[in-house]
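Taking it in order: structure first as C-alpha cells, then the write-up.
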Amino acid sequence: MSPVLPQVSEALPDLDIIPPGLGLERADIAFKVNGAAVSVNVPPLRRLSQVLRDELRLTGTKVGCDAGDCGACTVLVDGDPVCACLMPAASVAGASVTTVEGLANGRLSALQSSFLAHGAAQCGICTPALLVAATALLEKRPSPTETEVQDALGGILCRCTGYRKIIAAVMNAEQFSNAGAAPHPPAGVRHSESQAIGFRPLRGPLLTSPLSGGEKGLAATLATPSPRPSRGEGKGEGQRQHQSLDLALDRRMPVSGHAVGSSPIRLDGLPKVTGDEKFGGDSFPSDALAVLVVRSPHYHAGFIFGDIDGWVKKHPGISGVFTAADIPGKNCFGVIGPFADQPALAEGFARLRGEAVALVAGEREAILDLDLSDFPIRWTELPHVLDVGEAQAEGAVLIHDNRPTNLLTKGFVERGDPEAALASAAVTVSGAIDTSYVEHAYIEPEAGHAYMDGDTLVVVACTQAPYMDRDDTAKVLGLAVDKVRIVPTATGGGFGSKLDVSLQPLIGLVALRTGRPAALAYTRSESMMSTTKRHPAEMKATIGADADGRVTGMVFEGDFNTGPYASWGPTVANRVPVHASGPYTTPNYRAEGRAIHTHGPISGAFRGFGVPQATIMQETLYDELADKLGMDRLDFRLRNCLRNGSETVTGQHLESGVGIAECLEALRPHWVRAEADADVFNSTHADIKRGVGLASCWYGCGNTSLPNPSTIRVGIAASGDVILHQGAVDIGQGSNTVVTQICADALGLPLENFRLKSADTAISPDAGKTSASRQTFVTGKAAEKAGRALRETILRYANVSENASLQLDGSAILILEGDAARRIDLASLDVDADGFVFRAEETYDPPTLPLDAKGQGKPYAVYGYGAQIAELEVDLKLGTVKLIKITAAHDVGKAINPLLVEGQIEGGIAQGIGMALMEEYIPGRTENLHDYLIPTIGDVPPIETILVEVPDPEGPFGAKGLGEHVLIPTAPAILNAIRHATGVLVTKIPATPTRIRAAIREKEARP
C-alpha cells in the first residue's frame, strides 16, 4: 500500500479516514473461512480484504481499489456477495466467509470448469471475484438468463475479456455439473482454405504455468488458511504452492502435429480459476519493509525537504526515508534510450502531479497507520501547461531546457504530391478530431517486492518487459545488469503501461540500502496519477477522391500530448504517420505526427501507439467522402483497400498476406442486414434512431523500422519432458499457450509433453517486450525456428530423414520412419548445465528497413487487418447511446488458438467502446474507478467474430499479430454509427451524452 500526501489522496471508505491512533486496539475475531474456523487478532476496523490476504494468506481475494469500485475483492459472507475492502473485520465475527479458494472441494466446481472451457479468464485478476459472485447467483438460479448474469456481476470490472465469455461461462455452467468440459464452444466463423483440428480428449495434470518453475504438480486451492514462506527460492519466486486437485476436465489437448489451429484450455488457466495465481502483491515476504511513496500534489512545483531525520525519530517503526540523493546510479530512465529523461525520484522540482519525490520504509504495522500529513516537505507551485496549444505558445514554460517549443520529436511520411492531388480531386473532405487521455485501468495496480540474494538484487513484480526493467533498474541503482534479476509475477492487465518501469527501482533502492526485503503496492489513485495514459490527440486531415470514388490524396497532422517525459512518445509520433492512411491505397500523401511535452500525465503505450486516434480521424472522413460521392460506405472502402501487390504510403510493396478485402467482404451480409434493420426501425421511431457504422484498420506488427528480436530456448530433459523457456510475458493475451502450440507443431511432439519456464531474466532468454502485437508473430516465429532446430538435432542424432516422426515414451524418444523404429534412452545420455539432453535456441528479428527522410521504407515485416460494424441506437433527446451489436472480421493470418483469438477481439472491442463513449481521464478529478468510467458487463453488446485467415509467409504457420488491431476500428465504427443515426459527428472524443446533445442542438440551430 502506498499512501500519498493528503492533497492527492483518494476518497476512502469511512473505515480508512479514522484519525491515526484511533481504532488501533486489537481484538480477537472468530469466524469461518471456507468452512474452517479461524480466529484473528486485528484492529476491529481493519478491512476484511486485508485480514484475508495478510493474516490468513488467502490471496485469491484481490485488491484493485480499496473503495468498492472494481469489485475484485468480492467474497461471500453468509452466502451473499460483499466487497471485502469495504467490510470491517469486526462485521464478520461469527459469520461464514467463502473465498475463491473454497469453491473447489477436491475437484473444480462446475463454474470453474466452465470458465476454463469458455476461455472466460484472461489475465485472471478479476476472475476470483467473478467466480464467487456467480457462485452465489447459481445457488439461487442454476440456469440464469443473460440479464440475471449481468445484474449479478455488474459490480465487478474486467478490463481484458469484454465480458462475453464470462456471461457464456456462467449461463452454461450447469453443463459441467456431472462431467468434464463440454465440447469446445464454436470458435467463430473461419474463412480459410483448410483447417486441421485433430482434438483428442485428455484427462490428467495440466501443463505447468511458466511461473511455477517447471514443477509438475497442480496449482491447488486452499480450503483452509496455510502459512507461506517468507521469501521465494529461485524459480517460481513468490509464486504458488501445490496440492493435488482431481480434474475431471477435458483439456481439449490436440494430437501431435495439430496444436496449431486447435483451442486447448489455456495452459496457465487452472491457477486463474482456483485463486492460486500469484500477482505482484500476492507474495510479499513476511519480513519485508513496507514502502510508501511521497508524491507531488502539483502539476509543476519546486520542493525542499525539512528535518527528515527528526521526522523519522518521531515515528516509531520507520526505518528510513530515501530521496534522489540516495540513488547510487544515474537517476534517469526511459524505454527508448536516446530519449530517456524521467527520474526515479524527482530532484528539486516535480514535473507532474503524482511524481515520486521520496520513499518512506518501515515495518508493516507502522506503515499501515502512518499519517504523511506532517512529512517535512515544502512545495512552491510553478507555472504549468496542460495542453499542446499552451505548450507550443510563444513564451511557454519549457518542460525540458533541451527541447525547444516543448517538441519531443516528430514523425513524417510523404509520397507523391498531395496538394496537387487534392486540388484536382472531384471531391474533398476535411475535418478535425480531438481525443482525450485514456487510462489503462488494469484491475491490478502496480505491485512487487525486492530483496538481495547475495550481491544480486532480485525484483519480483508485475511487468510486460522484464529485460527492459532489468536494464533500467540496474542503471538507476548503479548495478551491473547481471546483478539485477527480474522475476515477473502474473500480471493483472497491462495494455502497454506496464512496459515502463514504475516501482522496480524504488523497491530496489530500499532493499539495496537497508538489506531488508522491500514491498510496495500502489493504491488505485497513485497508479492512475503516476503511470502512463493513451495520448490525447488534436488532429486534422483532408482527403480527396476522383469521380470514380478512388482516393487520390490525403494530408494529416496530429499533435499528441506526451506529458512531461518521453516514455513511448517517439514511437507514437513515428507510427502514426505510417498508419494514418488506413489500409487503403493512397498515392499522394503527407502525414506528420508530433509528440509535445506538457505537465499533464505521462502518455505512453496503450494498445495501438496512437493508431486508434488517427484511425478515428481517417475513418470518419471516409464515411463523409462516401456520402459525398453517393457511394455505399462498404463499397467505397473495398474500392480503395490495399491488396496483394499494392504499395503502402511508405512505398512498401505488399507481395502477399493482405487480408483487408477479405475482412470487408466477410462483413457484407451483416452490413446489408444491419442497414435494412436500421431503416425499418427508424421508419417507426421518432425520438430514438438506429445507426450502423463501419471502420477498418491495419497495424504493423512489432517495432517500427527498429530491431525487434525474440529468443526462444527449448530442450528435452532426461525425464522425457520438453522444456520450453518461454520469455514472452503473458499478461492475459495467451502467449504461454500460443507460443507453446507453435513450438509443439514445429518440433512434432504433443503439446501435453511441454513444461514451461518463466520469463525470469535469470533462467530464460529475452523474448522481447509484450507489446506492439509482436509476441505471436515475433516470439512465435522464434519458437517455430527453435522447435524445427531441435527436431533437426534429434533426427540427425538418430541418422534418419526429415520425414521421420517423433514420440515420447517415458524417458525415451521413439523415432519412426516407415517400418523402421529407433528408441533413444534419454537417461543414458549426457545432460548439459540446463539439464537438457537435446536443445536448441533460436532468435528471430523481423526483416524491416529504415525509413528515409520522407518516411519511405519497410517499417514492418507483417501487417494485420480488420474491420468492424457497430449497430446502435441514439436517444435524440438525451444523447444516450445503446449498443445493439458489434460484428468483427479480423485477418489473423492463421488462428493459432481460435478461442484465445476470440477473447482478444472481444476484449479489444470493449476497450474501444470505452474510448468511444465514456473514458476520459481528467487529472485531479478522475483518479479512481468511481469517477473514471470503463465498460461494465452491461455495456458490451453481443459480439459476432469472423476469423479471416490470409496467411503471411513471414509469420509462424502464417500467423499475424492481433492484440492491438482489435481495438482500432471500434471507436470510429461507433462514431460513424452515431452520425448515421443522428446526422452529426461528435468531434471531441469520447462521445458522451452531453457532447452528442450539443452536436444535435448545433445541427438543429443551423438555418
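Chain labels follow the order of the C-alpha cells: the first chain is A, the next B, and so on; residue numbering restarts at 1 in every chain, and ligands are counted from 1 in their shown order.
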Open item on the list: Taking 4 positions as the minimum chain separation for residues in the same chain, which residues sit within 7 Å of stretch 544-549 of chain A when counting only C-alpha atoms? Answer as a PyMOL selection string.
Closed with: chain A and resi 422+425-429+553-554+629+636
How about saving the chosen residues, N, CA and C atoms kept, as a CSV table (one decimal), in the first residue's frame?
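New file again25.csv:
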```
chain,number,residue,atom,x,y,z
A,422,LEU,N,-5.1,16.9,-54.2
A,422,LEU,CA,-6.3,17.4,-53.5
A,422,LEU,C,-6.9,18.6,-54.4
A,425,ALA,N,-8.9,16.9,-57.2
A,425,ALA,CA,-9.9,15.9,-56.8
A,425,ALA,C,-11.3,16.3,-57.1
A,426,ALA,N,-12.1,15.3,-57.4
A,426,ALA,CA,-13.5,15.6,-57.7
A,426,ALA,C,-14.3,16.0,-56.4
A,427,VAL,N,-13.9,15.4,-55.3
A,427,VAL,CA,-14.5,15.6,-54.0
A,427,VAL,C,-13.4,15.6,-53.0
A,428,THR,N,-13.5,16.5,-52.1
A,428,THR,CA,-12.6,16.5,-50.9
A,428,THR,C,-13.4,16.7,-49.6
A,429,VAL,N,-12.9,16.2,-48.5
A,429,VAL,CA,-13.5,16.4,-47.2
A,429,VAL,C,-12.4,16.8,-46.2
A,553,GLY,N,-5.6,11.6,-52.7
A,553,GLY,CA,-4.6,12.3,-51.9
A,553,GLY,C,-5.1,12.5,-50.5
A,554,MET,N,-4.2,12.7,-49.6
A,554,MET,CA,-4.5,12.9,-48.2
A,554,MET,C,-3.4,13.6,-47.5
A,629,LEU,N,-19.8,11.2,-52.5
A,629,LEU,CA,-19.8,10.5,-53.8
A,629,LEU,C,-21.0,9.7,-54.1
A,636,PHE,N,-17.2,1.7,-50.9
A,636,PHE,CA,-16.1,2.7,-51.1
A,636,PHE,C,-14.8,2.2,-50.5
```
Open item on the list: Quick one: residues within 12 Å of A:Ser801, only C-alpha atoms, excluding same-chain residues fewer than 5 positions away - as number ranges by chain?
Closed with: A: 791-796, 806, 815-818, 820
Task: All alpha helix (DSSP H) residues (DSSP, backbone) inside stretch 664-745 of chain A, as a PyMOL selection string - done: chain A and resi 664-683+735-745
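Between A:Ile166 and the residues A:Leu137, A:Val476, A:Ala867, A:Thr127, the shortest atom-to-atom distance, using only C-alpha atoms, involves A:Thr127.
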- [ ] Could you check how far atom CA of A:Pro488 sits from atom CA of A:Ser49, in Å to one decimal?
- [x]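 It comes out at 23.8 Å.
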- [ ] For stretch 832-834 of chain A, work out the shell of residues within 10 Å, counting only C-alpha atoms and skipping chain neighbours fewer than 6 positions away, then give it as a PyMOL selection string.
- [x] chain A and resi 715+717+723+763
Task: Who sits within 7 Å of A:Glu655, only C-alpha atoms, same chain under 2 positions skipped, as a VMD selection string - done: chain A and resid 644 to 645 653
- [ ] Identify, on the basis of only C-alpha atoms, every residue whose closest approach to stretch 302-314 of chain A does not exceed 8 Å; exclude the query and any residue fewer than 6 positions from it along the same chain; express the result as a list in words.
- [x]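 Residues near the query, excluding close chain neighbours: Gly320, Val321, Gly348, Phe349, Ala350, Phe375, Pro376, Ile377, Arg378, Trp379, Thr380, Glu381 and Leu382 of chain A.
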Open item on the list: I'd like to know which of A:Ile443, A:Val459, A:Ala1005, A:Val385 is closest to A:Cys126, using only C-alpha atoms.
Closed with: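 Closest to A:Cys126, using only C-alpha atoms: A:Ile443.
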Open item on the list: From a backbone DSSP assignment, name each residue in stretch 53-206 of chain A labelled strand (DSSP E or B), as a PyMOL selection string.
Closed with: chain A and resi 74-77+80-83+88+96-98+107+189-191+199
TODO: Compare A:Arg403, A:Lys781, A:Arg590, A:Lys769 by their minimum atom-to-atom distance to A:Gly494, counting only C-alpha atoms, and give me the closest one.
DONE: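 Result for the nearest residue to A:Gly494: A:Lys769.
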Open item on the list: Could you check the closest approach to A:Asp471 for each of A:Thr770, A:Thr945, A:Gln504, A:Asn976 and tell me which residue wins, using only C-alpha atoms?
Closed with: A:Gln504
- [ ] Might you pull out every residue within 9 Å of A:Cys663, with only C-alpha atoms counted and same-chain residues fewer than 2 positions away left off, and present them as a ChimeraX atom specification?
- [x] /A:659-661,665-667,696,865-868,888-891,946-948
For the selection just defined, write its residues with C-alpha atoms to a file, as a PDB file, in the first residue's frame.
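Dumped everything to again.pdb:
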```
ATOM      1  CA  GLY A 659      -6.467  -9.570 -45.911  1.00  0.00           C
ATOM      2  CA  ILE A 660      -8.434  -6.334 -45.582  1.00  0.00           C
ATOM      3  CA  ALA A 661     -10.604  -7.034 -48.646  1.00  0.00           C
ATOM      4  CA  GLU A 665     -16.326  -8.941 -47.894  1.00  0.00           C
ATOM      5  CA  ALA A 666     -16.961 -11.139 -44.858  1.00  0.00           C
ATOM      6  CA  LEU A 667     -18.915  -8.259 -43.344  1.00  0.00           C
ATOM      7  CA  SER A 696     -11.340  -0.723 -40.949  1.00  0.00           C
ATOM      8  CA  TYR A 865      -6.033  -6.247 -40.848  1.00  0.00           C
ATOM      9  CA  GLY A 866      -9.593  -5.955 -39.617  1.00  0.00           C
ATOM     10  CA  ALA A 867     -12.978  -4.301 -39.990  1.00  0.00           C
ATOM     11  CA  GLN A 868     -15.959  -3.908 -37.682  1.00  0.00           C
ATOM     12  CA  ALA A 888     -15.849  -8.012 -36.161  1.00  0.00           C
ATOM     13  CA  ALA A 889     -13.878  -9.565 -39.024  1.00  0.00           C
ATOM     14  CA  HIS A 890     -10.147  -9.815 -38.406  1.00  0.00           C
ATOM     15  CA  ASP A 891      -7.420 -11.274 -40.567  1.00  0.00           C
ATOM     16  CA  ILE A 946     -15.408 -13.690 -38.014  1.00  0.00           C
ATOM     17  CA  LEU A 947     -11.882 -15.089 -38.185  1.00  0.00           C
ATOM     18  CA  VAL A 948     -10.302 -14.405 -41.542  1.00  0.00           C
TER      19      VAL A 948
END
```
Rows by chain and residue number, stretch 93-177 of chain A within 12 Å of stretch 277-290 of chain A, shortest pair, only C-alpha atoms, as a Markdown table:
```
| residue | atom | partner | partner_atom | distance |
| --- | --- | --- | --- | --- |
| A:Val100 | CA | A:Glu277 | CA | 11.3 |
| A:Glu101 | CA | A:Glu277 | CA | 10.9 |
| A:Ala121 | CA | A:Glu277 | CA | 11.7 |
| A:Gln122 | CA | A:Glu277 | CA | 11.9 |
| A:Cys123 | CA | A:Glu277 | CA | 9.8 |
| A:Gly124 | CA | A:Glu277 | CA | 7.8 |
| A:Ile125 | CA | A:Phe279 | CA | 7.8 |
| A:Cys126 | CA | A:Glu277 | CA | 11.3 |
| A:Thr127 | CA | A:Glu277 | CA | 10.3 |
| A:Pro128 | CA | A:Glu277 | CA | 9.9 |
```
For the residues in the current selection, export all heavy atoms as a PDB file, in the first residue's frame.
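Writing the result to part-v4.pdb gives the following:
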```pdb
ATOM      1  N   VAL A 100     -12.547 -17.528  -3.134  1.00  0.00           N
ATOM      2  CA  VAL A 100     -12.376 -18.372  -4.317  1.00  0.00           C
ATOM      3  C   VAL A 100     -11.670 -19.677  -3.979  1.00  0.00           C
ATOM      4  O   VAL A 100     -11.919 -20.716  -4.594  1.00  0.00           O
ATOM      5  CB  VAL A 100     -11.616 -17.604  -5.423  1.00  0.00           C
ATOM      6  CG1 VAL A 100     -10.169 -17.324  -5.011  1.00  0.00           C
ATOM      7  CG2 VAL A 100     -11.668 -18.349  -6.750  1.00  0.00           C
ATOM      8  N   GLU A 101     -10.812 -19.645  -2.953  1.00  0.00           N
ATOM      9  CA  GLU A 101     -10.098 -20.869  -2.576  1.00  0.00           C
ATOM     10  C   GLU A 101     -11.030 -21.950  -2.070  1.00  0.00           C
ATOM     11  O   GLU A 101     -10.649 -23.129  -2.038  1.00  0.00           O
ATOM     12  CB  GLU A 101      -9.040 -20.560  -1.500  1.00  0.00           C
ATOM     13  CG  GLU A 101      -7.841 -19.760  -1.989  1.00  0.00           C
ATOM     14  CD  GLU A 101      -8.015 -18.261  -1.825  1.00  0.00           C
ATOM     15  OE1 GLU A 101      -9.180 -17.802  -1.631  1.00  0.00           O
ATOM     16  OE2 GLU A 101      -7.014 -17.541  -1.887  1.00  0.00           O
ATOM     17  N   ALA A 121     -11.321 -16.560 -18.525  1.00  0.00           N
ATOM     18  CA  ALA A 121     -10.260 -15.923 -17.740  1.00  0.00           C
ATOM     19  C   ALA A 121      -9.118 -15.575 -18.677  1.00  0.00           C
ATOM     20  O   ALA A 121      -8.627 -16.430 -19.406  1.00  0.00           O
ATOM     21  CB  ALA A 121      -9.772 -16.847 -16.626  1.00  0.00           C
ATOM     22  N   GLN A 122      -8.705 -14.330 -18.653  1.00  0.00           N
ATOM     23  CA  GLN A 122      -7.531 -13.928 -19.435  1.00  0.00           C
ATOM     24  C   GLN A 122      -6.380 -13.624 -18.484  1.00  0.00           C
ATOM     25  O   GLN A 122      -5.659 -14.525 -18.098  1.00  0.00           O
ATOM     26  CB  GLN A 122      -7.886 -12.760 -20.362  1.00  0.00           C
ATOM     27  CG  GLN A 122      -8.779 -13.182 -21.523  1.00  0.00           C
ATOM     28  CD  GLN A 122      -8.935 -12.124 -22.595  1.00  0.00           C
ATOM     29  OE1 GLN A 122      -8.147 -11.184 -22.714  1.00  0.00           O
ATOM     30  NE2 GLN A 122      -9.979 -12.258 -23.401  1.00  0.00           N
ATOM     31  N   CYS A 123      -6.228 -12.374 -18.033  1.00  0.00           N
ATOM     32  CA  CYS A 123      -5.147 -12.133 -17.074  1.00  0.00           C
ATOM     33  C   CYS A 123      -5.450 -12.822 -15.746  1.00  0.00           C
ATOM     34  O   CYS A 123      -4.542 -13.265 -15.050  1.00  0.00           O
ATOM     35  CB  CYS A 123      -4.911 -10.645 -16.878  1.00  0.00           C
ATOM     36  SG  CYS A 123      -6.043  -9.821 -15.736  1.00  0.00           S
ATOM     37  N   GLY A 124      -6.730 -12.896 -15.365  1.00  0.00           N
ATOM     38  CA  GLY A 124      -7.129 -13.630 -14.173  1.00  0.00           C
ATOM     39  C   GLY A 124      -7.285 -12.809 -12.912  1.00  0.00           C
ATOM     40  O   GLY A 124      -7.716 -13.344 -11.888  1.00  0.00           O
ATOM     41  N   ILE A 125      -7.005 -11.521 -12.952  1.00  0.00           N
ATOM     42  CA  ILE A 125      -7.049 -10.740 -11.708  1.00  0.00           C
ATOM     43  C   ILE A 125      -8.477 -10.563 -11.209  1.00  0.00           C
ATOM     44  O   ILE A 125      -8.730 -10.527  -9.998  1.00  0.00           O
ATOM     45  CB  ILE A 125      -6.361  -9.367 -11.908  1.00  0.00           C
ATOM     46  CG1 ILE A 125      -6.168  -8.634 -10.577  1.00  0.00           C
ATOM     47  CG2 ILE A 125      -7.142  -8.502 -12.869  1.00  0.00           C
ATOM     48  CD1 ILE A 125      -5.126  -9.230  -9.674  1.00  0.00           C
ATOM     49  N   CYS A 126      -9.444 -10.472 -12.112  1.00  0.00           N
ATOM     50  CA  CYS A 126     -10.837 -10.296 -11.691  1.00  0.00           C
ATOM     51  C   CYS A 126     -11.578 -11.621 -11.587  1.00  0.00           C
ATOM     52  O   CYS A 126     -12.703 -11.670 -11.086  1.00  0.00           O
ATOM     53  CB  CYS A 126     -11.573  -9.382 -12.661  1.00  0.00           C
ATOM     54  SG  CYS A 126     -11.746 -10.087 -14.316  1.00  0.00           S
ATOM     55  N   THR A 127     -10.963 -12.704 -12.061  1.00  0.00           N
ATOM     56  CA  THR A 127     -11.642 -13.995 -12.137  1.00  0.00           C
ATOM     57  C   THR A 127     -12.136 -14.498 -10.787  1.00  0.00           C
ATOM     58  O   THR A 127     -13.277 -14.978 -10.690  1.00  0.00           O
ATOM     59  CB  THR A 127     -10.721 -15.031 -12.806  1.00  0.00           C
ATOM     60  OG1 THR A 127     -10.333 -14.538 -14.098  1.00  0.00           O
ATOM     61  CG2 THR A 127     -11.417 -16.369 -12.958  1.00  0.00           C
ATOM     62  N   PRO A 128     -11.344 -14.436  -9.707  1.00  0.00           N
ATOM     63  CA  PRO A 128     -11.868 -14.924  -8.423  1.00  0.00           C
ATOM     64  C   PRO A 128     -13.153 -14.234  -7.999  1.00  0.00           C
ATOM     65  O   PRO A 128     -14.104 -14.902  -7.547  1.00  0.00           O
ATOM     66  CB  PRO A 128     -10.715 -14.628  -7.455  1.00  0.00           C
ATOM     67  CG  PRO A 128      -9.488 -14.665  -8.304  1.00  0.00           C
ATOM     68  CD  PRO A 128      -9.918 -14.057  -9.599  1.00  0.00           C
TER      69      PRO A 128
END
```
